[in-house]
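Take a look at the structure set out below.
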Amino acid sequence: MKQFVVTPAAGKRLIGKAIAKHAAIIKALKKGTVVIIAGTTNGYVAEEILKELVQTKDFKRNRFYRGIILPPNRPTTSTGRSPDESKFPGDVVIRNGKYQKGKTIFDVVDGLREGDIILKGANAVNLVQRRAAILIGDPKAGTIGASLLAVVGRRVKLLVPVGLEKRIYENIDELAAKMNAPGAQGPRFMPVPGEIFTELDAVTLLTGATASLVAGGGVSGAEGSTWLVINGKPAQEKNAEDLIKSVINEPAFNF
């Protein structure tokens, strides 16, 4: 057994590395469409996938988001958006292995078919239910609203990369009922039917070892960190140790 402390930034990088090796992603990149919807975790995912395709030149992660949560002393709009969206690059749309620069989910959603994949980050994850949910500020449900037309209507796969720092313990449907009730204020809350993918899933996919969340927290830059216990065969544990060491010094997200 080995134990590691993983910061949120390191966790995002870990998730990105693993999703780039996900069997469904590899298949869709060869023949199909992969849409990586902008978000901070998905920025790392996009970097790692584009790195595999040797197409990172035209992608910059620091503005790859729509809504964002910042400390009280950093301004955002009432919906959580950055006041300056002039440098937003669009989502990452990859068709048959080629990055279609400047497109968004709204440009391509009507053409997505079974076998294609949408990646959308989340704001909450219940690890017991294996379900995630997204905060909604747009009156038309934003990018996830558009995505579900393809996911439910045409069986496009929805993959949800989400860090363990976003874990919750209450029933997601009950929380949605509270937050979406008439008269409630603030963002709405949409449970989503996709495959969640956390740091725990990343460790297993890349090494074969089993990772468990046993504690969390920290200060001086370790806020939101997770304490992982990893079990497996000696070779699996060694691979997991090497993997964690390769991401452990990932700098905090900045823009």
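Note on naming: chains are A, B, ... as they come in the structure tokens, residues start from 1 per chain, ligands start from 1 in the order shown.
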Determine, counting only C-alpha atoms, which protein, DNA and RNA residues have an atom within 10 Å of an atom of stretch 30-40 of chain A; residues of the same chain fewer than 3 positions away are not included. Present the result as JSON, numbers by chain. {"A": [9, 12, 24, 25, 26, 27, 43, 44, 45, 46, 49, 61, 62, 63, 64, 65, 66, 67, 68, 88, 89, 90, 91, 92, 93, 94, 95, 96, 97, 98, 99, 100, 103, 104, 105, 108, 109, 111, 112, 113, 114, 115, 116, 117, 118, 119, 120, 121, 122, 143, 144, 147, 156, 157, 158, 159, 161, 162, 253, 254]}
Using only C-alpha atoms, which protein or nucleic acid residues come within 9 Å of A:Thr207? Drop anything in the same chain fewer than 5 positions from it, and give the result as a PyMOL selection string. chain A and resi 202+232+235-240+243
Output file for the residues above (C-alpha atoms, as a PDB file, in the first residue's frame):
ATOM      1  CA  ALA A 202      -7.312   7.594 -13.626  1.00  0.00           C
ATOM      2  CA  GLY A 232      -2.167  -3.375  -6.071  1.00  0.00           C
ATOM      3  CA  ALA A 235       4.540  -3.520 -10.093  1.00  0.00           C
ATOM      4  CA  GLN A 236       1.181  -1.733 -10.155  1.00  0.00           C
ATOM      5  CA  GLU A 237       1.985   0.209  -6.999  1.00  0.00           C
ATOM      6  CA  LYS A 238       5.379   1.172  -8.415  1.00  0.00           C
ATOM      7  CA  ASN A 239       3.743   2.372 -11.640  1.00  0.00           C
ATOM      8  CA  ALA A 240       1.217   4.357  -9.594  1.00  0.00           C
ATOM      9  CA  LEU A 243       2.586   8.314 -12.193  1.00  0.00           C
TER      10      LEU A 243
END
I need the residues of stretch 95-163 of chain A that end up classed as strand (DSSP E or B) by DSSP on the backbone, written out as number ranges by chain. A: 95, 98-99, 114, 116-119, 124-126, 131-136, 157-161
Hey, can you spit out that residue selection with C-alpha atoms as a PDB file, in the first residue's frame?
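Writing the result to result_4.pdb gives the following:
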ATOM      1  CA  ARG A  95     -12.939  15.117 -36.070  1.00  0.00           C
ATOM      2  CA  LYS A  98      -7.935  16.582 -36.639  1.00  0.00           C
ATOM      3  CA  TYR A  99      -8.446  19.567 -34.318  1.00  0.00           C
ATOM      4  CA  GLU A 114     -23.387   7.153 -31.836  1.00  0.00           C
ATOM      5  CA  ASP A 116     -18.855  10.164 -30.947  1.00  0.00           C
ATOM      6  CA  ILE A 117     -17.956  11.494 -27.491  1.00  0.00           C
ATOM      7  CA  ILE A 118     -18.688  14.678 -25.565  1.00  0.00           C
ATOM      8  CA  LEU A 119     -16.531  15.529 -22.543  1.00  0.00           C
ATOM      9  CA  ALA A 124     -20.459  18.057  -7.999  1.00  0.00           C
ATOM     10  CA  VAL A 125     -19.823  14.324  -7.841  1.00  0.00           C
ATOM     11  CA  ASN A 126     -21.348  11.718  -5.568  1.00  0.00           C
ATOM     12  CA  ARG A 131     -23.218  10.464 -10.531  1.00  0.00           C
ATOM     13  CA  ALA A 132     -22.290  14.053 -11.270  1.00  0.00           C
ATOM     14  CA  ALA A 133     -24.143  17.347 -11.576  1.00  0.00           C
ATOM     15  CA  ILE A 134     -23.467  20.723 -13.148  1.00  0.00           C
ATOM     16  CA  LEU A 135     -24.270  24.236 -11.941  1.00  0.00           C
ATOM     17  CA  ILE A 136     -26.390  26.040 -14.525  1.00  0.00           C
ATOM     18  CA  LYS A 157     -21.305   9.063 -25.127  1.00  0.00           C
ATOM     19  CA  LEU A 158     -20.974  11.636 -22.341  1.00  0.00           C
ATOM     20  CA  LEU A 159     -17.739  11.428 -20.369  1.00  0.00           C
ATOM     21  CA  VAL A 160     -17.544  13.598 -17.227  1.00  0.00           C
ATOM     22  CA  PRO A 161     -14.014  14.384 -15.945  1.00  0.00           C
TER      23      PRO A 161
END
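Relative to atom CA of A:Ala10, atom CA of A:Leu200 is found at 12.7 Å.
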Please extract the residues of stretch 13-231 of chain A with a backbone DSSP assignment of alpha helix (DSSP H) and present them as a PyMOL selection string. chain A and resi 13-19+23-30+40-52+105-108+142-154+172-179+199-207
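Comparing the minimum interatomic distances between A:Ala18 and each of A:Glu250, A:Glu170, A:Glu47, A:Glu223, counting only C-alpha atoms, we find that A:Glu47 sits nearest.
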Could you jot down the atom CA of A:Phe189 to atom CA of A:Ala176 separation for me, Å, one decimal place? 5.2 Å
Correct to one decimal, the distance atom CA of A:Leu148-atom CA of A:Met190 is 11.0 Å
Taking only C-alpha atoms into account, name the residue in A:Val128, A:Ala28, A:Val192, A:Val54 that is nearest to A:Leu213. A:Val128
